[in-house]
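**Q** What follows is query.txt; its format and atoms are compact mmCIF, C-alpha atoms and all ligand atoms.
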```txt
# COMPACT_ATOMS: atom_id res chain seq x y z
CA MET E 1 95.73 128.17 88.01
CA LEU E 2 97.66 125.04 87.14
CA ASN E 3 95.96 121.66 87.20
CA LEU E 4 98.49 118.86 86.84
CA VAL E 5 98.52 115.09 86.84
CA PHE E 6 101.89 113.48 87.42
CA LEU E 7 102.68 109.99 86.11
CA GLY E 8 105.84 108.00 86.58
CA PRO E 9 106.93 104.43 87.24
CA PRO E 10 108.27 103.35 90.64
CA GLY E 11 111.88 104.47 90.96
CA ALA E 12 111.57 107.35 88.48
CA GLY E 13 111.90 110.01 91.16
CA LYS E 14 108.27 111.02 90.84
CA GLY E 15 107.87 111.88 94.52
CA THR E 16 110.88 114.20 94.46
CA GLN E 17 109.77 116.00 91.30
CA ALA E 18 106.15 116.23 92.39
CA HIS E 19 107.26 117.87 95.62
CA ARG E 20 109.56 120.37 93.83
CA LEU E 21 106.90 121.35 91.30
CA ALA E 22 104.18 121.77 93.90
CA GLN E 23 106.51 124.14 95.79
CA ARG E 24 107.55 126.03 92.67
CA PHE E 25 103.99 126.64 91.50
CA ALA E 26 102.58 126.99 95.03
CA ILE E 27 99.92 124.36 94.44
CA PRO E 28 99.03 121.48 96.78
CA GLN E 29 100.48 118.08 96.03
CA LEU E 30 97.58 115.66 96.23
CA SER E 31 99.09 112.24 96.58
CA THR E 32 96.45 109.51 96.72
CA GLY E 33 98.20 107.68 99.55
CA ASP E 34 98.28 110.86 101.65
CA ILE E 35 94.69 111.80 100.77
CA LEU E 36 93.49 108.35 101.81
CA ARG E 37 95.50 108.42 105.05
CA ARG E 38 94.18 111.89 105.85
CA ALA E 39 90.57 110.85 105.22
CA VAL E 40 91.11 107.82 107.47
CA ALA E 41 92.76 109.93 110.19
CA GLU E 42 89.97 112.52 110.08
CA GLY E 43 87.40 109.75 110.35
CA SER E 44 85.22 111.18 107.57
CA PRO E 45 82.46 108.83 106.34
CA LEU E 46 84.53 108.06 103.23
CA GLY E 47 87.65 107.63 105.35
CA LYS E 48 85.84 105.12 107.56
CA GLN E 49 84.65 103.22 104.51
CA ALA E 50 88.18 103.13 103.07
CA LYS E 51 89.67 102.05 106.38
CA ALA E 52 87.22 99.18 106.81
CA LEU E 53 88.16 97.90 103.34
CA MET E 54 91.90 98.29 103.87
CA ASP E 55 91.71 96.59 107.28
CA ALA E 56 89.97 93.68 105.58
CA GLY E 57 92.85 93.53 103.08
CA LYS E 58 90.59 94.65 100.24
CA LEU E 59 91.26 97.15 97.49
CA VAL E 60 89.50 100.48 97.90
CA PRO E 61 87.10 100.56 94.92
CA ASP E 62 87.06 103.35 92.34
CA GLU E 63 83.92 105.04 93.61
CA VAL E 64 85.44 105.51 97.08
CA VAL E 65 88.83 106.68 95.74
CA ASN E 66 87.09 109.04 93.30
CA ALA E 67 84.93 110.51 96.05
CA ILE E 68 87.97 111.05 98.29
CA VAL E 69 89.83 112.81 95.46
CA ASP E 70 86.71 114.89 94.80
CA GLU E 71 86.73 116.01 98.45
CA ALA E 72 90.41 116.95 98.19
CA LEU E 73 89.73 119.00 95.06
CA ALA E 74 87.00 120.86 96.93
CA ARG E 75 89.41 122.16 99.60
CA PRO E 76 90.15 125.89 99.48
CA GLU E 77 93.89 125.36 98.88
CA ALA E 78 93.13 123.38 95.70
CA ARG E 79 91.31 126.33 94.19
CA ARG E 80 94.50 127.76 92.66
CA GLY E 81 95.47 124.42 91.19
CA PHE E 82 96.79 121.04 92.20
CA LEU E 83 99.29 118.36 91.41
CA LEU E 84 97.74 114.89 91.51
CA ASP E 85 100.19 112.09 92.17
CA GLY E 86 99.12 108.44 92.19
CA TYR E 87 95.77 109.21 90.59
CA PRO E 88 94.29 108.48 88.11
CA ARG E 89 95.62 104.96 87.68
CA THR E 90 93.03 103.74 85.20
CA VAL E 91 91.04 105.16 82.30
CA ALA E 92 87.89 104.81 84.42
CA GLN E 93 89.47 107.03 87.09
CA ALA E 94 90.70 109.47 84.43
CA THR E 95 87.15 109.77 83.10
CA ALA E 96 85.84 110.32 86.63
CA LEU E 97 88.46 113.03 87.20
CA ASP E 98 87.39 114.84 84.02
CA GLU E 99 83.81 114.81 85.25
CA MET E 100 84.78 116.14 88.71
CA LEU E 101 86.72 118.98 87.12
CA ALA E 102 84.04 119.77 84.53
CA ARG E 103 81.48 120.11 87.33
CA ARG E 104 83.68 122.88 88.74
CA GLY E 105 84.29 124.50 85.36
CA ARG E 106 87.90 123.34 85.40
CA LYS E 107 90.07 121.06 83.31
CA LEU E 108 93.49 119.47 83.31
CA ASP E 109 96.27 121.67 81.95
CA TYR E 110 99.00 119.06 81.75
CA VAL E 111 99.72 115.41 82.33
CA VAL E 112 103.43 115.07 83.02
CA SER E 113 104.78 111.59 82.40
CA LEU E 114 108.31 110.81 83.59
CA ASP E 115 110.09 108.45 81.25
CA VAL E 116 113.04 106.40 82.55
CA PRO E 117 114.49 103.34 80.75
CA VAL E 118 113.50 100.05 82.38
CA GLU E 119 117.12 98.99 82.96
CA VAL E 120 117.82 102.19 84.90
CA LEU E 121 114.74 101.59 87.05
CA VAL E 122 115.67 97.96 87.69
CA ASP E 123 119.14 99.08 88.72
CA ARG E 124 117.77 101.76 91.07
CA LEU E 125 115.03 99.68 92.64
CA SER E 126 116.57 96.26 92.91
CA GLY E 127 119.41 97.32 95.19
CA ARG E 128 117.07 98.85 97.71
CA LEU E 129 117.39 97.91 101.38
CA THR E 130 114.60 98.42 103.89
CA CYS E 131 114.55 98.70 107.66
CA PRO E 132 111.93 96.19 108.83
CA LYS E 133 111.30 98.28 111.95
CA ASP E 134 110.59 101.79 110.64
CA GLY E 135 110.27 101.22 106.89
CA SER E 136 113.08 103.64 105.94
CA THR E 137 114.88 102.73 102.71
CA TYR E 138 118.52 102.88 101.62
CA HIS E 139 120.53 102.13 98.53
CA PRO E 140 124.15 100.95 98.74
CA ARG E 141 125.20 103.34 95.96
CA THR E 142 122.88 106.33 95.98
CA ASN E 143 121.79 106.50 99.62
CA PRO E 144 123.96 104.22 101.76
CA PRO E 145 123.34 103.81 105.50
CA LYS E 146 126.06 105.26 107.77
CA ARG E 147 127.06 101.74 108.85
CA PRO E 148 126.80 99.05 106.15
CA GLY E 149 123.64 96.96 106.49
CA LEU E 150 122.25 98.80 109.52
CA CYS E 151 119.44 101.35 109.84
CA ASP E 152 120.69 104.85 110.72
CA SER E 153 117.97 105.57 113.24
CA ASP E 154 117.58 102.28 115.12
CA SER E 155 120.50 100.03 114.02
CA THR E 156 118.13 97.28 112.87
CA PRO E 157 119.73 95.00 110.22
CA LEU E 158 118.42 96.04 106.79
CA VAL E 159 116.72 93.53 104.51
CA GLN E 160 115.95 93.29 100.82
CA ARG E 161 112.19 92.90 100.45
CA PRO E 162 111.05 90.22 97.97
CA ASP E 163 109.44 93.06 95.99
CA ASP E 164 112.83 94.67 95.46
CA ARG E 165 114.49 91.65 93.82
CA PRO E 166 115.26 92.21 90.11
CA GLU E 167 112.70 89.75 88.75
CA ALA E 168 109.92 91.17 90.91
CA VAL E 169 110.95 94.70 89.96
CA ARG E 170 110.75 93.84 86.24
CA ARG E 171 107.29 92.37 86.77
CA ARG E 172 106.05 95.45 88.64
CA LEU E 173 107.43 97.75 85.95
CA ALA E 174 105.82 95.76 83.13
CA GLU E 175 102.48 95.99 84.96
CA TYR E 176 102.93 99.71 85.39
CA GLN E 177 103.81 100.20 81.69
CA ASN E 178 100.71 98.31 80.58
CA LYS E 179 98.39 100.40 82.73
CA THR E 180 100.08 103.68 81.93
CA ALA E 181 100.04 103.07 78.19
CA LEU E 182 96.23 103.07 78.40
CA LEU E 183 96.26 106.35 80.33
CA THR E 184 98.70 108.08 77.97
CA ASP E 185 96.57 106.90 75.03
CA TYR E 186 93.62 108.55 76.75
CA TYR E 187 95.41 111.88 77.26
CA LYS E 188 97.54 112.10 74.10
CA PRO E 189 94.79 113.20 71.66
CA ARG E 190 93.90 116.09 73.97
CA GLY E 191 97.32 117.68 73.67
CA VAL E 192 97.90 117.79 77.45
CA LEU E 193 100.49 115.02 77.67
CA ARG E 194 104.14 116.00 78.25
CA THR E 195 106.58 113.10 78.32
CA ILE E 196 109.78 114.10 80.10
CA GLU E 197 113.09 112.25 80.13
CA GLY E 198 113.62 111.38 83.78
CA VAL E 199 117.35 110.54 83.73
CA GLY E 200 119.75 113.06 85.25
CA THR E 201 120.03 115.12 88.42
CA PRO E 202 116.80 116.27 90.08
CA GLU E 203 117.65 119.82 88.89
CA ASP E 204 118.03 118.67 85.26
CA VAL E 205 114.73 116.82 85.30
CA GLU E 206 112.92 119.71 86.97
CA GLY E 207 114.32 122.08 84.34
CA ARG E 208 112.97 119.88 81.55
CA ILE E 209 109.53 119.75 83.13
CA VAL E 210 109.42 123.50 83.66
CA SER E 211 110.36 124.20 80.02
CA ALA E 212 107.67 121.78 78.87
CA LEU E 213 105.10 123.75 80.89
CA ARG E 214 106.43 127.11 79.76
CA ASP E 215 103.26 128.21 77.95
CA ASN E 216 101.43 128.17 81.21
CA LEU E 217 104.29 129.79 83.12
CA THR E 218 104.43 132.85 80.89
CA ALA E 219 100.66 133.12 81.04
CA GLY E 220 100.98 133.57 84.79
CA PRO E 221 99.18 131.81 87.60
CA ALA E 222 95.97 133.87 87.67
CA ASN E 223 93.02 134.30 85.27
CA PRO E 224 91.18 131.01 84.99
ZN ZN E 301 115.09 101.63 111.24
```
Written as structure tokens, how would this file's structure read?
Ligand SMILES: [Zn+2]

**A**
Amino acid sequence: MLNLVFLGPPGAGKGTQAHRLAQRFAIPQLSTGDILRRAVAEGSPLGKQAKALMDAGKLVPDEVVNAIVDEALARPEARRGFLLDGYPRTVAQATALDEMLARRGRKLDYVVSLDVPVEVLVDRLSGRLTCPKDGSTYHPRTNPPKRPGLCDSDSTPLVQRPDDRPEAVRRRLAEYQNKTALLTDYYKPRGVLRTIEGVGTPEDVEGRIVSALRDNLTAGPANP
């Protein structure tokens, strides 16, 4: 059993690493966005509540997000472990998560925090181009479209969203750092936090994460 929380700023490659680790350890990747969308699509009472709020342009409050995560943790596939991505975002949510796990006689094994220098993130994020039609994203250097400035799938001219301009990117990152510092302060004293350097190829970064979790690996996946 491996219970993981995955933290990382936008642009750190968190999605890629979360996916690789979930595959490697055969645990479900519980990404809050996906969990919310699934609850909405299934039309569960919580999903309906979340949808009504989102449709009204409101933030989904902690108690609804917590309850939706709690439901996801109760699914059979999460019994062998999980990788939470995008949750918790606040100390209040982290406390709620601890309570949900304690109720099931479980606890977090690791909190993996991907660390990438701000300038690298600004460089990665601020060049991003988006297709306004299907939302696909490109980067002139790392992931260029086949024809410059045009979406591969529908040839729509690509745009730079205001969010992806350098000043906006810096602001978003500073906000993220402030929030995350509170979370890492919460987890650090418990010895579960593993801060991993996130610069390098996806293979390099994955290798660093796996060595940081080695204790658990050698212990094997079974025996809670
Ligand atoms: Zn497109």

**Q** For the contact check between chain E and ligand ZN 301 (chain E), emit one row per residue of chain E within 10 Å, containing the shortest atom pair and the distance in Å rounded to one decimal, counting only C-alpha atoms and all ligand atoms, chain then rising number order, as a Markdown table.

**A**
```
| residue | atom | partner | partner_atom | distance |
| --- | --- | --- | --- | --- |
| E:Thr130 | CA | E:ZN301 | ZN | 8.0 |
| E:Cys131 | CA | E:ZN301 | ZN | 4.7 |
| E:Pro132 | CA | E:ZN301 | ZN | 6.7 |
| E:Lys133 | CA | E:ZN301 | ZN | 5.1 |
| E:Asp134 | CA | E:ZN301 | ZN | 4.5 |
| E:Gly135 | CA | E:ZN301 | ZN | 6.5 |
| E:Ser136 | CA | E:ZN301 | ZN | 6.0 |
| E:Thr137 | CA | E:ZN301 | ZN | 8.6 |
| E:Leu150 | CA | E:ZN301 | ZN | 7.9 |
| E:Cys151 | CA | E:ZN301 | ZN | 4.6 |
| E:Asp152 | CA | E:ZN301 | ZN | 6.5 |
| E:Ser153 | CA | E:ZN301 | ZN | 5.3 |
| E:Asp154 | CA | E:ZN301 | ZN | 4.7 |
| E:Ser155 | CA | E:ZN301 | ZN | 6.3 |
| E:Thr156 | CA | E:ZN301 | ZN | 5.6 |
| E:Pro157 | CA | E:ZN301 | ZN | 8.2 |
| E:Leu158 | CA | E:ZN301 | ZN | 7.9 |
```

**Q** I'd like the interatomic distance between atom CA of Pro202 of chain E and atom CA of Ala18 of chain E, to a tenth of an Å.

**A**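 Separating atom CA of Pro202 of chain E from atom CA of Ala18 of chain E is a distance of 10.9 Å.
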
**Q** Using 5 Å of padding on each side, determine the axis-aligned box around all atoms of segment 170-179 of chain E present in the file and give its centre and edge lengths in Å to one decimal, as AutoDock Vina command-line options.

**A**
```
--center_x 104.6 --center_y 96.4 --center_z 84.6 --size_x 22.4 --size_y 18.0 --size_z 18.1
```

**Q** Would you compute the distance between atom CA of Leu46 of chain E and atom CA of Gly33 of chain E? Give it in Å to one decimal.

**A**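 Result for atom CA of Leu46 of chain E versus atom CA of Gly33 of chain E: 14.2 Å, one decimal.
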
**Q** Which distance in Å separates atom CA of Ala78 of chain E and atom CA of Val60 of chain E, to one decimal?

**A** 23.3 Å

**Q** So which one's closest to Arg208 of chain E, E:Leu21, E:Leu97, E:Met54, E:Val169? Using only C-alpha atoms, please.

**A**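 With only C-alpha atoms as the atom set, the closest residue is E:Leu21.
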
**Q** Tell me which of E:Leu173, E:Thr90, E:Leu101, E:Ala52 sits closest to Glu71 of chain E, counting all atoms listed in the file.

**A** E:Leu101

**Q** Can you pull out every residue within 12 Å of Thr184 of chain E, counting only C-alpha atoms, but drop anything in the same chain fewer than 5 positions away, and send it as a PyMOL selection string?

**A** chain E and resi 5-8+88-91+94+110-115+176-179+189-195

**Q** Keeping C-alpha atoms (and nothing else), can you write segment 19-98 of chain E of this structure as an mmCIF file, in the first residue's frame?

**A**
```cif
data_model
loop_
_atom_site.group_PDB
_atom_site.id
_atom_site.type_symbol
_atom_site.label_atom_id
_atom_site.label_comp_id
_atom_site.auth_asym_id
_atom_site.auth_seq_id
_atom_site.Cartn_x
_atom_site.Cartn_y
_atom_site.Cartn_z
ATOM 1 C CA HIS E 19 0.996 9.585 -14.279
ATOM 2 C CA ARG E 20 4.304 7.664 -14.444
ATOM 3 C CA LEU E 21 4.345 6.959 -10.704
ATOM 4 C CA ALA E 22 0.731 5.840 -10.599
ATOM 5 C CA GLN E 23 1.535 3.363 -13.390
ATOM 6 C CA ARG E 24 4.758 2.178 -11.772
ATOM 7 C CA PHE E 25 3.152 1.506 -8.393
ATOM 8 C CA ALA E 26 -0.188 0.397 -9.864
ATOM 9 C CA ILE E 27 -2.157 2.867 -7.777
ATOM 10 C CA PRO E 28 -4.929 5.170 -9.028
ATOM 11 C CA GLN E 29 -4.029 8.764 -9.777
ATOM 12 C CA LEU E 30 -6.675 10.855 -8.067
ATOM 13 C CA SER E 31 -6.492 14.256 -9.643
ATOM 14 C CA THR E 32 -8.964 16.691 -8.095
ATOM 15 C CA GLY E 33 -10.011 18.101 -11.458
ATOM 16 C CA ASP E 34 -10.783 14.602 -12.754
ATOM 17 C CA ILE E 35 -12.538 13.552 -9.537
ATOM 18 C CA LEU E 36 -14.751 16.636 -9.692
ATOM 19 C CA ARG E 37 -15.530 16.129 -13.387
ATOM 20 C CA ARG E 38 -16.354 12.470 -12.760
ATOM 21 C CA ALA E 39 -18.667 13.314 -9.846
ATOM 22 C CA VAL E 40 -20.398 15.899 -12.048
ATOM 23 C CA ALA E 41 -20.686 13.459 -14.973
ATOM 24 C CA GLU E 42 -22.093 10.720 -12.728
ATOM 25 C CA GLY E 43 -24.620 13.180 -11.322
ATOM 26 C CA SER E 44 -23.985 12.118 -7.719
ATOM 27 C CA PRO E 45 -25.536 14.424 -5.085
ATOM 28 C CA LEU E 46 -22.094 15.928 -4.409
ATOM 29 C CA GLY E 47 -21.424 16.211 -8.131
ATOM 30 C CA LYS E 48 -24.685 18.105 -8.610
ATOM 31 C CA GLN E 49 -23.799 20.439 -5.765
ATOM 32 C CA ALA E 50 -20.341 21.087 -7.237
ATOM 33 C CA LYS E 51 -21.760 21.643 -10.714
ATOM 34 C CA ALA E 52 -24.323 24.176 -9.513
ATOM 35 C CA LEU E 53 -21.535 26.146 -7.821
ATOM 36 C CA MET E 54 -19.177 25.972 -10.796
ATOM 37 C CA ASP E 55 -21.960 26.979 -13.205
ATOM 38 C CA ALA E 56 -22.577 30.013 -11.006
ATOM 39 C CA GLY E 57 -18.869 30.852 -11.272
ATOM 40 C CA LYS E 58 -18.308 30.108 -7.595
ATOM 41 C CA LEU E 59 -15.488 28.229 -5.929
ATOM 42 C CA VAL E 60 -16.377 24.756 -4.729
ATOM 43 C CA PRO E 61 -16.028 25.037 -0.928
ATOM 44 C CA ASP E 62 -13.764 22.790 1.140
ATOM 45 C CA GLU E 63 -16.528 20.643 2.583
ATOM 46 C CA VAL E 64 -17.730 19.657 -0.900
ATOM 47 C CA VAL E 65 -14.212 19.035 -2.251
ATOM 48 C CA ASN E 66 -13.324 17.044 0.879
ATOM 49 C CA ALA E 67 -16.452 14.914 0.569
ATOM 50 C CA ILE E 68 -15.732 14.207 -3.110
ATOM 51 C CA VAL E 69 -12.152 13.162 -2.281
ATOM 52 C CA ASP E 70 -13.513 11.005 0.535
ATOM 53 C CA GLU E 71 -15.778 9.223 -1.970
ATOM 54 C CA ALA E 72 -12.832 8.651 -4.303
ATOM 55 C CA LEU E 73 -10.781 7.171 -1.461
ATOM 56 C CA ALA E 74 -13.631 4.779 -0.709
ATOM 57 C CA ARG E 75 -13.508 3.208 -4.190
ATOM 58 C CA PRO E 76 -12.200 -0.365 -4.341
ATOM 59 C CA GLU E 77 -9.250 0.571 -6.594
ATOM 60 C CA ALA E 78 -7.988 3.043 -3.963
ATOM 61 C CA ARG E 79 -7.692 0.284 -1.391
ATOM 62 C CA ARG E 80 -4.125 -0.567 -2.450
ATOM 63 C CA GLY E 81 -3.059 3.057 -2.349
ATOM 64 C CA PHE E 82 -3.458 6.284 -4.247
ATOM 65 C CA LEU E 83 -1.661 9.252 -5.663
ATOM 66 C CA LEU E 84 -3.480 12.504 -4.907
ATOM 67 C CA ASP E 85 -2.732 15.318 -7.311
ATOM 68 C CA GLY E 86 -4.190 18.807 -6.860
ATOM 69 C CA TYR E 87 -5.319 18.083 -3.306
ATOM 70 C CA PRO E 88 -4.801 19.137 -0.568
ATOM 71 C CA ARG E 89 -4.239 22.779 -1.472
ATOM 72 C CA THR E 90 -4.595 24.229 2.007
ATOM 73 C CA VAL E 91 -3.758 23.218 5.562
ATOM 74 C CA ALA E 92 -7.494 22.907 6.263
ATOM 75 C CA GLN E 93 -7.787 20.362 3.432
ATOM 76 C CA ALA E 94 -4.636 18.574 4.631
ATOM 77 C CA THR E 95 -6.172 18.240 8.091
ATOM 78 C CA ALA E 96 -9.411 16.934 6.567
ATOM 79 C CA LEU E 97 -7.435 14.384 4.527
ATOM 80 C CA ASP E 98 -5.676 13.128 7.666
#
```
